[in-house]
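Structure file upload03.cif with mmCIF, C-alpha atoms:
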```cif
data_my_file
loop_
_atom_site.label_atom_id
_atom_site.label_comp_id
_atom_site.auth_asym_id
_atom_site.auth_seq_id
_atom_site.Cartn_x
_atom_site.Cartn_y
_atom_site.Cartn_z
CA MET Q 255 16.67 158.39 27.81
CA VAL Q 256 14.52 155.20 27.60
CA PRO Q 257 16.45 152.14 26.20
CA MET Q 258 15.11 150.68 22.92
CA PRO Q 259 13.40 147.26 23.32
CA GLN Q 260 15.41 144.53 21.59
CA ASP Q 261 14.03 141.63 19.57
CA PRO Q 262 14.70 138.03 20.79
CA ALA Q 263 17.20 137.35 17.98
CA THR Q 264 19.35 140.32 18.99
CA ILE Q 265 19.20 139.28 22.66
CA ALA Q 266 20.22 135.70 21.72
CA ALA Q 267 23.03 136.96 19.47
CA SER Q 268 24.39 139.23 22.19
CA ALA Q 269 24.46 136.21 24.53
CA THR Q 270 27.06 134.51 22.29
CA PRO Q 271 30.50 134.88 23.92
CA PRO Q 272 32.58 137.44 21.95
CA ARG Q 273 35.36 134.91 21.26
CA VAL Q 274 32.91 132.47 19.59
CA ALA Q 275 31.17 135.34 17.78
CA ARG Q 276 34.53 136.43 16.30
CA LYS Q 277 35.19 132.87 15.07
CA ILE Q 278 31.72 132.41 13.51
CA LYS Q 279 31.84 135.79 11.79
CA GLY Q 280 32.56 135.36 8.10
CA LEU Q 281 31.18 131.79 7.84
CA SER Q 282 28.59 131.24 5.12
CA ASP Q 283 25.10 129.92 5.90
CA ARG Q 284 26.06 126.66 4.22
CA ALA Q 285 29.12 126.29 6.46
CA ILE Q 286 27.06 126.94 9.59
CA ALA Q 287 24.48 124.39 8.38
CA TRP Q 288 27.28 121.82 7.95
CA ILE Q 289 28.51 122.54 11.48
CA PHE Q 290 25.06 121.65 12.80
CA VAL Q 291 24.50 118.62 10.55
CA GLY Q 292 28.08 117.33 10.80
CA PRO Q 293 27.82 115.48 14.14
CA THR Q 294 24.67 113.65 13.00
CA ILE Q 295 26.28 112.61 9.72
CA PHE Q 296 29.36 111.47 11.59
CA LEU Q 297 27.25 109.34 13.96
CA LEU Q 298 25.29 107.88 11.05
CA LEU Q 299 28.51 106.93 9.28
CA ALA Q 300 30.03 105.47 12.45
CA ILE Q 301 26.98 103.50 13.60
CA ASN Q 302 25.32 102.46 10.32
CA ILE Q 303 27.52 102.80 7.28
CA PHE Q 304 30.89 101.70 8.69
CA PRO Q 305 29.57 98.40 10.19
CA LEU Q 306 27.80 97.67 6.91
CA ILE Q 307 30.98 98.14 4.87
CA TRP Q 308 32.93 96.13 7.46
CA THR Q 309 30.38 93.29 7.27
CA ILE Q 310 30.62 93.25 3.46
CA ARG Q 311 34.41 92.99 3.78
CA LEU Q 312 34.19 90.19 6.37
CA SER Q 313 31.74 88.24 4.22
CA PHE Q 314 34.56 87.54 1.76
CA THR Q 315 36.88 86.14 4.46
CA ASN Q 316 37.08 83.10 6.75
CA PHE Q 317 37.26 85.32 9.85
CA LYS Q 318 36.28 83.73 13.17
CA ALA Q 319 35.77 86.19 16.01
CA ASN Q 320 36.90 83.68 18.68
CA ARG Q 321 40.18 82.72 16.97
CA ASN Q 322 43.31 84.79 16.80
CA ARG Q 323 44.57 83.53 13.45
CA GLU Q 324 45.35 85.18 10.14
CA VAL Q 325 42.28 86.08 8.13
CA GLU Q 326 42.19 84.68 4.59
CA TRP Q 327 40.40 86.20 1.64
CA ILE Q 328 38.18 83.41 0.26
CA GLY Q 329 36.18 85.33 -2.34
CA THR Q 330 32.53 84.34 -2.74
CA ARG Q 331 32.91 80.90 -1.09
CA ASN Q 332 30.73 81.88 1.92
CA TYR Q 333 27.94 82.98 -0.41
CA GLU Q 334 28.23 79.76 -2.43
CA ARG Q 335 28.04 77.64 0.75
CA ILE Q 336 24.96 79.47 2.05
CA LEU Q 337 23.11 79.44 -1.23
CA THR Q 338 23.63 75.71 -1.78
CA ASP Q 339 22.79 74.69 1.80
CA SER Q 340 19.45 72.89 1.94
CA ASP Q 341 19.10 73.57 5.70
CA ILE Q 342 19.26 77.33 5.13
CA TRP Q 343 16.76 76.88 2.31
CA LEU Q 344 14.40 75.27 4.87
CA ASN Q 345 15.00 78.19 7.26
CA MET Q 346 14.02 80.58 4.46
CA GLN Q 347 10.82 78.62 3.91
CA ALA Q 348 10.03 78.75 7.63
CA THR Q 349 10.58 82.54 7.52
CA ALA Q 350 8.36 82.84 4.43
CA HIS Q 351 5.58 80.87 6.16
CA PHE Q 352 5.84 83.06 9.28
CA LEU Q 353 6.01 86.28 7.25
CA PHE Q 354 3.09 85.53 4.95
CA TRP Q 355 0.62 84.29 7.56
CA THR Q 356 1.42 86.88 10.24
CA ILE Q 357 0.97 89.75 7.76
CA PHE Q 358 -2.18 88.17 6.32
CA PHE Q 359 -3.86 87.73 9.73
CA GLN Q 360 -2.64 91.03 11.15
CA VAL Q 361 -3.96 93.03 8.19
CA LEU Q 362 -7.27 91.14 8.12
CA ILE Q 363 -7.97 91.32 11.86
CA GLY Q 364 -6.34 94.75 12.32
CA PHE Q 365 -8.43 96.35 9.61
CA THR Q 366 -11.63 94.71 10.86
CA LEU Q 367 -10.98 95.90 14.42
CA ALA Q 368 -10.17 99.42 13.20
CA TYR Q 369 -13.38 99.47 11.16
CA LEU Q 370 -15.40 98.46 14.22
CA ILE Q 371 -13.60 100.83 16.61
CA ASN Q 372 -14.14 103.68 14.14
CA LYS Q 373 -17.91 103.36 14.63
CA LYS Q 374 -19.05 105.61 17.43
CA PHE Q 375 -20.24 103.54 20.38
CA LYS Q 376 -20.17 103.67 24.17
CA GLY Q 377 -16.86 102.57 25.70
CA ASN Q 378 -15.00 103.12 22.41
CA ASP Q 379 -11.88 104.52 24.08
CA LEU Q 380 -11.79 101.80 26.73
CA TRP Q 381 -11.91 99.07 24.07
CA THR Q 382 -9.14 100.78 22.09
CA THR Q 383 -6.93 100.79 25.20
CA ILE Q 384 -7.66 97.12 25.96
CA ILE Q 385 -6.94 96.05 22.37
CA VAL Q 386 -3.69 98.02 22.26
CA LEU Q 387 -2.33 96.45 25.50
CA PRO Q 388 -0.49 93.42 23.95
CA MET Q 389 1.85 95.52 21.84
CA MET Q 390 2.96 97.46 24.91
CA LEU Q 391 4.40 94.30 26.48
CA SER Q 392 7.96 93.12 26.07
CA PRO Q 393 8.38 90.24 23.55
CA ALA Q 394 10.28 88.28 26.22
CA VAL Q 395 7.31 88.55 28.60
CA VAL Q 396 4.81 87.67 25.86
CA GLY Q 397 6.93 84.66 24.85
CA ASN Q 398 7.07 83.42 28.42
CA PHE Q 399 3.40 83.68 29.24
CA TRP Q 400 2.30 82.19 25.92
CA LYS Q 401 4.59 79.29 26.74
CA PHE Q 402 2.41 78.73 29.82
CA LEU Q 403 -0.77 79.18 27.80
CA TYR Q 404 0.43 76.52 25.34
CA GLN Q 405 1.23 73.96 28.09
CA PRO Q 406 -0.65 70.74 27.25
CA GLN Q 407 -1.54 69.98 30.90
CA ILE Q 408 -2.24 73.40 32.43
CA GLY Q 409 -2.38 75.72 29.42
CA LEU Q 410 -5.51 77.77 28.87
CA PHE Q 411 -5.11 77.68 25.09
CA ASN Q 412 -5.36 73.89 24.96
CA TYR Q 413 -8.46 73.99 27.19
CA ILE Q 414 -10.17 76.55 24.96
CA VAL Q 415 -9.41 74.51 21.83
CA ALA Q 416 -10.59 71.37 23.65
CA PHE Q 417 -13.82 73.13 24.68
CA PHE Q 418 -14.69 73.92 21.05
CA THR Q 419 -13.42 70.74 19.40
CA GLY Q 420 -14.17 68.16 22.07
CA LYS Q 421 -10.56 66.90 21.99
CA ASP Q 422 -8.56 66.01 25.06
CA PRO Q 423 -6.51 69.13 26.08
CA SER Q 424 -3.37 67.10 26.64
CA SER Q 425 -3.68 65.25 23.33
CA PHE Q 426 -1.84 67.94 21.37
CA GLU Q 427 1.20 70.06 22.04
CA MET Q 428 1.39 73.39 20.22
CA LEU Q 429 5.11 74.02 20.79
CA GLY Q 430 6.29 70.43 20.59
CA SER Q 431 4.56 69.37 17.39
CA VAL Q 432 6.28 69.76 14.01
CA GLN Q 433 2.94 70.61 12.36
CA LEU Q 434 1.63 72.99 15.04
CA ALA Q 435 4.79 74.84 16.17
CA PRO Q 436 4.98 77.11 13.07
CA TRP Q 437 1.34 78.07 13.66
CA SER Q 438 1.91 78.68 17.38
CA ILE Q 439 4.44 81.46 16.62
CA VAL Q 440 2.09 82.91 13.99
CA ILE Q 441 -0.73 83.06 16.60
CA VAL Q 442 1.44 84.81 19.20
CA ASP Q 443 2.87 87.36 16.77
CA THR Q 444 -0.62 88.07 15.42
CA TRP Q 445 -1.96 88.51 18.97
CA MET Q 446 0.85 90.89 19.83
CA TRP Q 447 1.09 93.04 16.71
CA THR Q 448 -2.46 93.19 15.33
CA PRO Q 449 -3.12 96.27 17.53
CA PHE Q 450 -0.28 98.07 15.75
CA VAL Q 451 -1.88 97.45 12.35
CA MET Q 452 -5.25 98.41 13.85
CA LEU Q 453 -3.90 101.78 15.03
CA ILE Q 454 -2.44 102.58 11.60
CA CYS Q 455 -5.72 101.58 9.89
CA LEU Q 456 -7.67 103.63 12.44
CA ALA Q 457 -5.56 106.69 11.58
CA GLY Q 458 -6.37 106.06 7.92
CA LEU Q 459 -10.10 105.65 8.57
CA ARG Q 460 -10.27 108.80 10.71
CA SER Q 461 -8.51 110.82 7.99
CA ILE Q 462 -11.40 110.26 5.57
CA PRO Q 463 -13.61 113.38 5.63
CA ASP Q 464 -17.30 112.79 6.38
CA TYR Q 465 -18.42 114.91 3.44
CA ILE Q 466 -17.19 112.23 0.99
CA TYR Q 467 -19.58 109.70 2.54
CA GLU Q 468 -22.34 112.34 2.63
CA ALA Q 469 -21.83 113.01 -1.10
CA ALA Q 470 -21.97 109.26 -1.75
CA GLU Q 471 -25.21 109.05 0.28
CA VAL Q 472 -26.70 111.84 -1.85
CA ASP Q 473 -25.72 109.86 -4.95
CA ARG Q 474 -27.50 106.88 -3.36
CA ALA Q 475 -24.37 104.70 -3.29
CA SER Q 476 -24.85 101.54 -1.25
CA LYS Q 477 -22.80 100.90 1.92
CA LEU Q 478 -20.88 98.15 0.12
CA ARG Q 479 -20.09 100.49 -2.79
CA GLN Q 480 -18.96 103.18 -0.36
CA PHE Q 481 -16.70 100.67 1.36
CA PHE Q 482 -14.99 99.54 -1.85
CA THR Q 483 -14.79 102.91 -3.62
CA ILE Q 484 -14.09 105.26 -0.69
CA THR Q 485 -12.90 103.43 2.41
CA ILE Q 486 -10.52 100.86 0.90
CA PRO Q 487 -8.73 103.21 -1.58
CA MET Q 488 -8.27 105.90 1.06
CA VAL Q 489 -6.96 103.51 3.71
CA LEU Q 490 -4.72 101.65 1.25
CA PRO Q 491 -1.58 103.83 1.73
CA PHE Q 492 -1.87 103.34 5.49
CA LEU Q 493 -2.36 99.60 5.07
CA MET Q 494 0.67 99.39 2.80
CA LEU Q 495 2.71 101.26 5.38
CA ALA Q 496 1.61 98.79 8.07
CA VAL Q 497 2.54 95.85 5.82
CA LEU Q 498 5.97 97.41 5.18
CA PHE Q 499 6.66 97.92 8.89
CA ARG Q 500 5.46 94.48 9.90
CA GLY Q 501 7.18 92.80 6.96
CA ILE Q 502 10.58 94.25 7.84
CA GLU Q 503 10.09 93.59 11.57
CA ASN Q 504 8.98 90.00 11.04
CA PHE Q 505 11.77 89.28 8.59
CA LYS Q 506 14.20 89.84 11.45
CA MET Q 507 11.95 88.36 14.17
CA PHE Q 508 14.09 86.84 16.91
CA ASP Q 509 13.16 87.39 20.57
CA LEU Q 510 9.59 86.13 20.55
CA VAL Q 511 10.41 82.91 18.69
CA VAL Q 512 13.50 82.20 20.80
CA GLN Q 513 11.37 82.50 23.96
CA LEU Q 514 8.60 80.31 22.58
CA THR Q 515 10.29 77.49 20.70
CA GLY Q 516 14.02 78.31 20.49
CA GLY Q 517 13.77 77.35 16.81
CA GLY Q 518 12.42 73.84 17.52
CA PRO Q 519 11.14 71.20 17.37
CA GLY Q 520 14.09 70.24 15.17
CA SER Q 521 14.46 73.33 13.07
CA THR Q 522 10.83 73.81 12.04
CA THR Q 523 10.60 77.29 13.60
CA GLU Q 524 14.23 78.25 13.11
CA LEU Q 525 13.80 81.55 11.31
CA THR Q 526 16.73 83.07 9.42
CA SER Q 527 17.55 85.51 12.25
CA ILE Q 528 17.84 82.66 14.77
CA ASN Q 529 19.98 80.64 12.37
CA LEU Q 530 22.14 83.70 11.73
CA LYS Q 531 22.69 84.21 15.46
CA ARG Q 532 23.71 80.54 15.82
CA GLU Q 533 26.24 80.84 13.02
CA ALA Q 534 27.67 84.09 14.38
CA PHE Q 535 27.71 83.56 18.15
CA GLU Q 536 27.49 79.78 18.75
CA LYS Q 537 29.56 78.39 15.88
CA TRP Q 538 31.60 81.62 15.65
CA ARG Q 539 31.72 81.52 11.84
CA THR Q 540 31.86 85.31 11.59
CA GLY Q 541 32.72 85.54 7.88
CA TYR Q 542 30.01 83.06 6.97
CA ALA Q 543 27.46 84.84 9.20
CA SER Q 544 28.42 88.18 7.61
CA ALA Q 545 27.63 86.79 4.15
CA TYR Q 546 24.34 85.46 5.52
CA ALA Q 547 23.52 88.90 6.97
CA ILE Q 548 24.32 90.59 3.65
CA ILE Q 549 21.95 88.24 1.80
CA LEU Q 550 19.16 89.12 4.23
CA PHE Q 551 20.01 92.82 4.06
CA VAL Q 552 19.88 92.93 0.24
CA THR Q 553 16.53 91.10 0.29
CA VAL Q 554 14.95 93.49 2.80
CA PHE Q 555 16.49 96.53 1.09
CA GLY Q 556 15.20 95.45 -2.34
CA LEU Q 557 11.71 94.78 -1.00
CA ALA Q 558 11.62 98.06 0.93
CA SER Q 559 12.71 100.00 -2.19
CA ILE Q 560 9.88 98.73 -4.36
CA TYR Q 561 7.44 99.05 -1.51
CA VAL Q 562 8.28 102.70 -0.85
CA LYS Q 563 7.93 103.34 -4.58
CA ALA Q 564 4.50 101.68 -4.63
CA LEU Q 565 3.48 103.65 -1.56
CA ASN Q 566 4.37 106.95 -3.22
CA LYS Q 567 2.37 105.97 -6.32
CA VAL Q 568 -0.70 105.14 -4.22
CA LYS Q 569 -0.36 108.48 -2.39
CA GLU Q 570 -0.10 110.39 -5.69
CA ARG Q 571 -3.45 108.96 -6.89
CA MET G 160 4.38 96.22 -24.83
CA SER G 161 6.23 98.04 -27.59
CA ASN G 162 6.09 101.19 -25.45
CA PHE G 163 7.87 99.26 -22.72
CA PHE G 164 10.75 98.26 -25.01
CA THR G 165 10.93 101.74 -26.53
CA GLY G 166 11.17 103.14 -22.99
CA LEU G 167 13.97 100.71 -22.19
CA LEU G 168 15.90 101.74 -25.29
CA ARG G 169 15.44 105.43 -24.54
CA LEU G 170 16.52 104.92 -20.90
CA LYS G 171 13.19 106.08 -19.46
CA ARG G 172 12.75 105.64 -15.71
CA GLY G 173 9.33 103.92 -15.70
CA PRO G 174 10.13 100.79 -17.75
CA TRP G 175 13.56 100.34 -16.17
CA GLU G 176 12.06 100.60 -12.68
CA MET G 177 9.47 98.06 -13.70
CA LEU G 178 12.21 95.68 -14.87
CA ALA G 179 14.17 96.18 -11.61
CA THR G 180 11.00 95.59 -9.57
CA ILE G 181 10.30 92.36 -11.45
CA LEU G 182 13.86 91.18 -10.79
CA ILE G 183 13.62 91.95 -7.05
CA GLY G 184 10.24 90.24 -6.76
CA LEU G 185 11.52 87.22 -8.69
CA GLY G 186 14.64 87.08 -6.51
CA VAL G 187 12.65 87.14 -3.27
CA PHE G 188 10.28 84.47 -4.60
CA MET G 189 13.26 82.30 -5.63
CA LEU G 190 14.78 82.74 -2.15
CA MET G 191 11.69 81.57 -0.31
CA GLN G 192 10.04 79.07 -2.66
CA PRO G 193 9.90 75.42 -1.56
CA PHE G 194 10.16 73.84 -5.03
CA VAL G 195 13.69 73.78 -6.49
CA LEU G 196 17.10 74.31 -4.87
CA TRP G 197 18.74 75.84 -7.95
CA ALA G 198 16.25 78.73 -7.81
CA PHE G 199 17.32 79.33 -4.21
CA THR G 200 20.98 79.27 -5.31
CA TYR G 201 20.50 81.99 -7.93
CA SER G 202 18.04 84.06 -5.87
CA PHE G 203 20.64 86.34 -4.28
CA VAL G 204 22.24 87.31 -7.59
CA THR G 205 18.81 88.08 -9.03
CA THR G 206 17.80 90.24 -6.04
CA LEU G 207 21.17 92.00 -5.98
CA VAL G 208 21.04 92.84 -9.70
CA GLY G 209 17.46 94.08 -9.29
CA THR G 210 18.29 96.21 -6.23
CA VAL G 211 21.39 97.82 -7.76
CA MET G 212 19.46 98.41 -10.98
CA PHE G 213 16.63 100.00 -9.00
CA ILE G 214 19.03 102.40 -7.26
CA ILE G 215 20.61 103.42 -10.57
CA VAL G 216 17.48 103.72 -12.72
CA SER G 217 15.55 105.73 -10.12
CA HIS G 218 17.87 108.59 -11.16
CA PHE G 219 16.83 108.34 -14.83
CA LYS G 220 14.51 110.97 -16.32
CA ASP G 221 10.77 110.27 -16.72
#
```

Any chance you could put this one into structure tokens?
Amino acid sequence: MVPMPQDPATIAASATPPRVARKIKGLSDRAIAWIFVGPTIFLLLAINIFPLIWTIRLSFTNFKANRNREVEWIGTRNYERILTDSDIWLNMQATAHFLFWTIFFQVLIGFTLAYLINKKFKGNDLWTTIIVLPMMLSPAVVGNFWKFLYQPQIGLFNYIVAFFTGKDPSSFEMLGSVQLAPWSIVIVDTWMWTPFVMLICLAGLRSIPDYIYEAAEVDRASKLRQFFTITIPMVLPFLMLAVLFRGIENFKMFDLVVQLTGGGPGSTTELTSINLKREAFEKWRTGYASAYAIILFVTVFGLASIYVKALNKVKER
Amino acid sequence: MSNFFTGLLRLKRGPWEMLATILIGLGVFMLMQPFVLWAFTYSFVTTLVGTVMFIIVSHFKD
């Protein structure tokens, strides 16, 4: 007698050891689903939720991680200290300056590059690869080589600026000047992350079907009209997504700025994340730093909530 | 405008979300503005109230 061919599910089921099969028998689909999802939920709770709750708890204490003394509950005193500290207020302003200008330039240049790359021309793929290169580098490496580029005596950046303005290359110092240092970190972050915004915009541009433009051509819509009534509205959700990603990333920007300026000169480029690290791991004011981290977390969480909402509304249109 | 207040009274999601969004936006602006320190002091409470409100009201019916 010829054996009946078995389907893959039966073969897989028969491969289950009988002891395990006996145990699983009788479990509902929901229970089996929980068995599969359980480890992930456990990890999420252990890695994300528990530290968050612990940080909230610490933010109401005077805990110092380098001292073995009794921890006192001090209520909202850490929050009061942070929110009345004029130095932290200045750090917030430095972060706002960095955040606003990096996003502004990255969106402007990223969208323009995507628009140009989207046009069919010879060497299109090669140019895309070249443009995308900076974001593949490590922020530590980028910080180090831009430090060389910004050198007043040997730096290429100063020579290029001098070539166009006629100034002496060593007459200005990008990283050492109080006026120029905030702009120097904006330039480097824009150079590094504009390709990321460009890629997202390019995905948006390539998702627009050609027939929409063809229909607009038939209706004799001008190129400018097509740009404002087809291209921009259809790329908008992608642009908003890019702004969300870059906004959150830049709010907690640390490595690049530490490599470039270390927060100086003075504290002109000391972003909140750098200040937070100083409080937590140089001054060892763990409770205070926890309160600081919670303030930043609530701000980013609030912004992300309204942003995701806005994104969904744009997508629904 | 009257629709907005009617929506608030009837616990509709749209107007309440709008209010929460305004609070969050105002809180973030207060946190990062360079003009007055008292606005910075009260920024966190404003953002926190807005964020918690947003989480709650996003479960309201349309």

Contact set, chain G to chain Q: 8 Å, only C-alpha atoms, as JSON, numbers by chain | {"G": [180, 183, 184, 187, 190, 191, 192, 193, 196, 197, 199, 200, 201, 203, 206, 207, 209, 210, 213]}

Dump C-alpha atoms for the selected residues as a short mmCIF file (atom, residue, chain, number, x, y, z; two decimals), in the frame of the given file?
```cif
data_model
loop_
_atom_site.label_atom_id
_atom_site.label_comp_id
_atom_site.auth_asym_id
_atom_site.auth_seq_id
_atom_site.Cartn_x
_atom_site.Cartn_y
_atom_site.Cartn_z
CA THR G 180 11.00 95.59 -9.57
CA ILE G 183 13.62 91.95 -7.05
CA GLY G 184 10.24 90.24 -6.76
CA VAL G 187 12.65 87.14 -3.27
CA LEU G 190 14.78 82.74 -2.15
CA MET G 191 11.69 81.57 -0.31
CA GLN G 192 10.04 79.07 -2.66
CA PRO G 193 9.90 75.42 -1.56
CA LEU G 196 17.10 74.31 -4.87
CA TRP G 197 18.74 75.84 -7.95
CA PHE G 199 17.32 79.33 -4.21
CA THR G 200 20.98 79.27 -5.31
CA TYR G 201 20.50 81.99 -7.93
CA PHE G 203 20.64 86.34 -4.28
CA THR G 206 17.80 90.24 -6.04
CA LEU G 207 21.17 92.00 -5.98
CA GLY G 209 17.46 94.08 -9.29
CA THR G 210 18.29 96.21 -6.23
CA PHE G 213 16.63 100.00 -9.00
#
```

Report the residues retrieved by the PyMOL selection byres ((chain G and resi 175) around 12) from the displayed file, expressed as a VMD selection string.
-> chain G and resid 162 to 174 176 to 182 209 to 221

Straight-line distance linking atom CA of Gly501 of chain Q with atom CA of Thr444 of chain Q, stated in Å to one decimal |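 Distance reported for this atom pair: 12.4 Å.
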
If the PyMOL selection byres ((chain Q and resi 423) around 12) is run on the structure shown, which residues does it catch, given as a list in words?
-> Leu403, Tyr404, Gln405, Pro406, Gln407, Ile408, Gly409, Leu410, Phe411, Asn412, Tyr413, Ile414, Val415, Ala416, Phe417, Phe418, Thr419, Gly420, Lys421, Asp422, Ser424, Ser425, Phe426, Glu427 and Met428 of chain Q

Quick one: distance from atom CA of Ala543 of chain Q to atom CA of Ala435 of chain Q in Å, one decimal?
->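 Value for the atom CA of Ala543 of chain Q-atom CA of Ala435 of chain Q distance: 25.7 Å.
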
Could you give me, as a PyMOL selection string, the residues within 10 Å of Asn332 of chain Q, counting all atoms listed in the file and dropping anything in the same chain fewer than 3 positions from it?
-> chain Q and resi 313-316+328-329+335-337+539+541-546

Quick one, how far is atom CA of Val440 of chain Q from atom CA of Val386 of chain Q?
->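 Taking atom CA of Val440 of chain Q as the start and atom CA of Val386 of chain Q as the end point, the length is 18.2 Å.
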
Picked residues, the PyMOL selection byres ((chain Q and resi 398-401) around 8), as a compact mmCIF listing (two decimals) with C-alpha atoms, in the coordinates of the input:
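Written file, result.txt:
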```txt
# COMPACT_ATOMS: atom_id res chain seq x y z
CA ALA Q 394 10.28 88.28 26.22
CA VAL Q 395 7.31 88.55 28.60
CA VAL Q 396 4.81 87.67 25.86
CA GLY Q 397 6.93 84.66 24.85
CA PHE Q 402 2.41 78.73 29.82
CA LEU Q 403 -0.77 79.18 27.80
CA TYR Q 404 0.43 76.52 25.34
CA GLN Q 405 1.23 73.96 28.09
CA LEU Q 429 5.11 74.02 20.79
CA VAL Q 442 1.44 84.81 19.20
CA GLN Q 513 11.37 82.50 23.96
CA LEU Q 514 8.60 80.31 22.58
```

Selected residue, from Q:Asp443, Q:Leu312, Q:Thr522, Q:Leu453, that lies nearest to Arg331 of chain Q when counting all atoms listed in the file =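 Counting all atoms listed in the file, the residue closest to Arg331 of chain Q is Q:Leu312.
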
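Among the candidates Q:Gly517, Q:Met446, Q:Pro305, Q:Ala534, the residue lying nearest to Pro393 of chain Q is Q:Met446 (atoms considered: only C-alpha atoms).
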